[in-house]
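Undergrad: I am sharing target_5.cif, which consists of mmCIF, C-alpha atoms and all ligand atoms:
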data_entry
loop_
_atom_site.label_atom_id
_atom_site.label_comp_id
_atom_site.auth_asym_id
_atom_site.auth_seq_id
_atom_site.Cartn_x
_atom_site.Cartn_y
_atom_site.Cartn_z
CA MET A 204 -60.84 170.45 -62.60
CA PHE A 205 -59.30 173.87 -62.96
CA GLU A 206 -57.46 175.40 -60.00
CA LEU A 207 -56.78 178.96 -58.88
CA ILE A 208 -53.28 179.97 -60.05
CA THR A 209 -50.68 180.82 -57.42
CA LEU A 210 -49.36 184.36 -57.81
CA PRO A 211 -45.64 184.51 -58.74
CA TYR A 212 -45.02 187.37 -56.26
CA ALA A 213 -45.86 188.33 -52.66
CA PRO A 214 -49.29 189.94 -52.01
CA GLU A 215 -47.71 193.35 -51.34
CA ALA A 216 -45.13 193.15 -54.17
CA LEU A 217 -47.09 195.30 -56.62
CA GLU A 218 -47.82 198.15 -54.19
CA PRO A 219 -48.59 201.00 -54.57
CA VAL A 220 -49.78 200.22 -58.11
CA ILE A 221 -52.02 197.31 -57.02
CA SER A 222 -52.63 196.97 -53.27
CA SER A 223 -52.58 193.69 -51.39
CA LYS A 224 -56.25 194.36 -50.60
CA THR A 225 -57.12 194.54 -54.30
CA LEU A 226 -55.09 191.40 -54.98
CA ALA A 227 -56.83 189.53 -52.17
CA LEU A 228 -60.22 190.42 -53.63
CA HIS A 229 -59.39 190.22 -57.31
CA HIS A 230 -57.32 187.03 -57.24
CA GLY A 231 -58.65 185.43 -54.07
CA LYS A 232 -62.38 186.14 -54.55
CA HIS A 233 -63.23 187.15 -58.14
CA LEU A 234 -60.91 184.70 -59.91
CA GLN A 235 -61.68 181.91 -57.42
CA THR A 236 -65.38 182.38 -58.18
CA TYR A 237 -64.79 182.01 -61.93
CA VAL A 238 -62.80 178.81 -61.25
CA ASN A 239 -65.55 177.39 -59.04
CA ASN A 240 -68.25 178.35 -61.55
CA LEU A 241 -66.43 176.79 -64.51
CA ASN A 242 -65.74 173.54 -62.65
CA GLY A 243 -69.44 173.30 -61.83
CA LEU A 244 -70.55 174.05 -65.39
CA ILE A 245 -68.22 171.65 -67.24
CA ALA A 246 -68.64 168.61 -64.99
CA GLY A 247 -69.91 165.75 -67.15
CA THR A 248 -69.64 167.74 -70.42
CA PRO A 249 -67.18 167.42 -73.35
CA TYR A 250 -65.40 170.50 -71.95
CA GLU A 251 -64.32 168.62 -68.83
CA ASN A 252 -60.88 167.59 -70.11
CA MET A 253 -60.22 170.42 -72.56
CA PRO A 254 -57.44 172.98 -72.17
CA LEU A 255 -58.72 176.43 -71.18
CA GLU A 256 -57.73 177.98 -74.53
CA GLU A 257 -59.79 175.40 -76.43
CA ILE A 258 -62.83 175.98 -74.20
CA VAL A 259 -62.56 179.74 -74.85
CA VAL A 260 -62.53 179.17 -78.62
CA LYS A 261 -65.36 176.58 -78.65
CA ALA A 262 -67.78 177.45 -75.84
CA GLU A 263 -70.60 179.97 -75.54
CA GLY A 264 -72.67 181.40 -72.71
CA GLY A 265 -71.73 180.74 -69.11
CA ILE A 266 -68.96 178.27 -69.94
CA PHE A 267 -67.33 180.80 -72.29
CA ASN A 268 -67.72 183.63 -69.77
CA ASN A 269 -66.11 181.76 -66.89
CA ALA A 270 -63.38 180.09 -68.98
CA GLY A 271 -62.56 183.43 -70.64
CA GLN A 272 -62.34 185.18 -67.31
CA ILE A 273 -59.98 182.49 -65.94
CA LEU A 274 -57.68 182.64 -68.99
CA ASN A 275 -57.73 186.45 -69.04
CA HIS A 276 -56.98 186.76 -65.33
CA ASN A 277 -54.25 184.11 -65.44
CA MET A 278 -52.50 186.10 -68.18
CA TYR A 279 -53.11 189.39 -66.35
CA PHE A 280 -51.78 188.32 -62.94
CA GLN A 281 -48.80 186.41 -64.37
CA GLN A 282 -47.49 189.42 -66.36
CA PHE A 283 -46.66 191.60 -63.32
CA LYS A 284 -43.59 192.27 -61.15
CA ALA A 285 -42.57 194.90 -58.58
CA PRO A 286 -42.78 198.51 -59.87
CA SER A 287 -39.74 199.95 -61.64
CA GLU A 288 -38.98 203.14 -63.56
CA GLY A 289 -38.14 203.09 -67.25
CA ASN A 290 -39.86 199.74 -67.60
CA VAL A 291 -39.88 198.92 -71.33
CA PRO A 292 -40.05 195.86 -73.60
CA THR A 293 -36.88 194.45 -75.14
CA GLY A 294 -35.80 192.21 -78.00
CA ARG A 295 -38.12 190.93 -80.71
CA LEU A 296 -41.31 192.28 -79.11
CA ALA A 297 -39.81 195.77 -78.71
CA ALA A 298 -38.79 195.75 -82.38
CA ALA A 299 -42.27 194.61 -83.45
CA ILE A 300 -43.92 197.34 -81.33
CA ASP A 301 -41.66 199.99 -82.91
CA ALA A 302 -42.40 198.63 -86.39
CA GLN A 303 -46.18 198.60 -85.88
CA PHE A 304 -46.80 201.68 -83.72
CA GLY A 305 -43.76 203.90 -84.42
CA SER A 306 -42.44 203.81 -80.86
CA PHE A 307 -43.17 202.28 -77.47
CA GLU A 308 -44.53 205.65 -76.30
CA ALA A 309 -46.95 205.79 -79.24
CA PHE A 310 -48.06 202.20 -78.53
CA LYS A 311 -48.59 202.99 -74.83
CA LYS A 312 -50.66 206.04 -75.70
CA GLU A 313 -52.95 204.10 -78.06
CA PHE A 314 -53.27 201.09 -75.72
CA SER A 315 -54.04 203.31 -72.71
CA ALA A 316 -56.62 205.30 -74.67
CA LYS A 317 -58.34 202.10 -75.82
CA GLY A 318 -58.39 200.79 -72.24
CA ALA A 319 -59.79 204.04 -70.87
CA GLY A 320 -62.31 204.30 -73.70
CA LEU A 321 -63.76 200.80 -73.50
CA PHE A 322 -67.37 201.27 -72.42
CA GLY A 323 -68.41 199.03 -69.53
CA SER A 324 -66.48 195.96 -68.37
CA GLY A 325 -63.78 194.30 -70.41
CA TRP A 326 -60.16 193.99 -71.42
CA VAL A 327 -57.72 195.77 -73.70
CA TRP A 328 -55.21 193.51 -75.45
CA LEU A 329 -52.02 193.53 -77.43
CA ALA A 330 -52.35 190.59 -79.82
CA ALA A 331 -50.48 189.13 -82.78
CA ASP A 332 -51.68 187.53 -86.00
CA LYS A 333 -50.12 184.38 -87.49
CA ASP A 334 -47.42 186.48 -89.17
CA GLY A 335 -46.51 188.21 -85.91
CA LYS A 336 -48.16 191.49 -86.87
CA LEU A 337 -49.32 193.29 -83.73
CA CYS A 338 -52.65 194.95 -83.04
CA ILE A 339 -54.58 196.36 -80.07
CA THR A 340 -58.09 195.01 -79.46
CA GLN A 341 -60.86 196.01 -77.07
CA GLU A 342 -62.83 193.03 -75.76
CA GLY A 343 -66.03 193.37 -73.74
CA ASN A 344 -66.79 191.25 -70.66
CA ALA A 345 -64.78 187.97 -70.89
CA GLY A 346 -63.51 188.54 -74.45
CA ASN A 347 -60.11 187.31 -75.60
CA PRO A 348 -58.41 187.84 -79.01
CA LEU A 349 -58.14 184.03 -79.35
CA THR A 350 -61.74 184.04 -80.61
CA LYS A 351 -60.59 186.25 -83.52
CA GLY A 352 -57.74 183.88 -84.40
CA LEU A 353 -55.19 186.17 -82.74
CA LYS A 354 -52.53 185.33 -80.16
CA PRO A 355 -52.99 187.24 -76.87
CA ILE A 356 -49.76 188.91 -75.66
CA LEU A 357 -50.53 191.59 -73.04
CA THR A 358 -53.74 192.53 -71.28
CA PHE A 359 -55.13 195.18 -68.92
CA ASP A 360 -58.29 194.31 -66.98
CA VAL A 361 -60.56 197.35 -67.07
CA TRP A 362 -63.47 195.87 -65.10
CA GLU A 363 -64.18 198.19 -62.16
CA HIS A 364 -63.26 195.41 -59.69
CA ALA A 365 -59.65 195.67 -60.96
CA TYR A 366 -59.17 199.27 -59.83
CA TYR A 367 -62.03 200.60 -57.72
CA VAL A 368 -60.48 199.86 -54.31
CA ASP A 369 -57.21 201.64 -55.20
CA TYR A 370 -58.27 204.27 -57.76
CA GLU A 371 -62.04 204.64 -57.24
CA ASN A 372 -63.43 205.86 -60.58
CA ARG A 373 -60.06 206.91 -62.04
CA ARG A 374 -59.57 204.18 -64.64
CA PRO A 375 -56.96 206.19 -66.65
CA ALA A 376 -54.77 206.59 -63.51
CA TYR A 377 -54.89 202.82 -62.91
CA ILE A 378 -53.96 202.14 -66.53
CA GLU A 379 -51.05 204.60 -66.43
CA ALA A 380 -49.72 203.01 -63.22
CA LEU A 381 -49.85 199.48 -64.66
CA TRP A 382 -47.04 200.24 -67.12
CA SER A 383 -44.52 200.29 -64.24
CA ILE A 384 -45.31 196.69 -63.16
CA ILE A 385 -45.37 194.90 -66.51
CA ASP A 386 -42.93 191.99 -66.57
CA TRP A 387 -41.75 192.38 -70.16
CA LYS A 388 -39.77 189.15 -69.94
CA VAL A 389 -43.01 187.19 -69.45
CA VAL A 390 -44.87 189.25 -72.07
CA GLY A 391 -42.00 188.93 -74.57
CA GLU A 392 -42.05 185.14 -74.20
CA ARG A 393 -45.74 185.10 -75.21
CA TYR A 394 -44.87 186.81 -78.50
MN MN B 1 -60.81 191.09 -63.14
#
Please rewrite the model in this file as structure tokens.
Ligand code: MN
TA:
Amino acid sequence: MFELITLPYAPEALEPVISSKTLALHHGKHLQTYVNNLNGLIAGTPYENMPLEEIVVKAEGGIFNNAGQILNHNMYFQQFKAPSEGNVPTGRLAAAIDAQFGSFEAFKKEFSAKGAGLFGSGWVWLAADKDGKLCITQEGNAGNPLTKGLKPILTFDVWEHAYYVDYENRRPAYIEALWSIIDWKVVGERY
């Protein structure tokens, strides 16, 4: 049985970027529903004792959708910390971003544009191939770069439920604000 992750910060810790109201709905209701759905769908199937990542790679349909949404949201919620100015990656990941995109600012610009430009519901990702080469992918609905053989590093949820309470229809403003709450230590460890 999968369980709802516990958030590694207080409900108001991400304000004003993500409100406690949004967190209560997004983590407490949306993610909980995906957890409940998946547990119901996999009971008595070969997926019952599989790690989430393996289910995402192997499953289709409702099992894929719910497992993908759990994995994506776990990565999303666990990569945040309280807002800070001049919040940038460090170390090996920072060097790889500079090498691939020219600069962190150029990477941010491309990532933000791909998040804002994704039509409908989905996720924008920073991912790495087996040689550590970075790329940005747009994934619709419950998509995750794992299904393309890539390692997921950083993700922004661009489903409307992620931002509508705080930003209404202004998806680009939500994306811009997220950069100040990324916990680059957590993200760097994924790389
Ligand atoms: Mn979401």
Undergrad: Find the residues around His229 (chain A) up to 12 Å (all atoms listed in the file counted), leave out those fewer than 2 positions away in its own chain, and share them as an NGL selection string.
TA: :A and (207 or 210 or 214 or 221-227 or 231-237 or 272-273 or 276-277 or 279-280 or 360 or 362-369)
Undergrad: When you draw a straight line from CA of Ala299 (chain A) to CA of Ile258 (chain A), how long is it in Å?
TA: 29.2 Å
Undergrad: If we count only C-alpha atoms and set the cut-off at 9 Å, which residues sit around Gly391 (chain A), ignoring sequence neighbours fewer than 5 positions away in its own chain? Please answer as a ChimeraX atom specification.
TA: /A:292-297,356,386
Undergrad: Considering only C-alpha atoms, return as a PyMOL selection string whatever protein or nucleic-acid residues lie within 12 Å of Tyr250 (chain A), sequence-local ones (same chain, fewer than 2 positions apart) excluded.
TA: chain A and resi 204-205+241-248+252-263+266-267+270
Undergrad: Tell me which of A:Val291, A:Val238, A:Ala298, A:Val361 sits closest to Asn269 (chain A), counting all atoms listed in the file.
TA: A:Val238
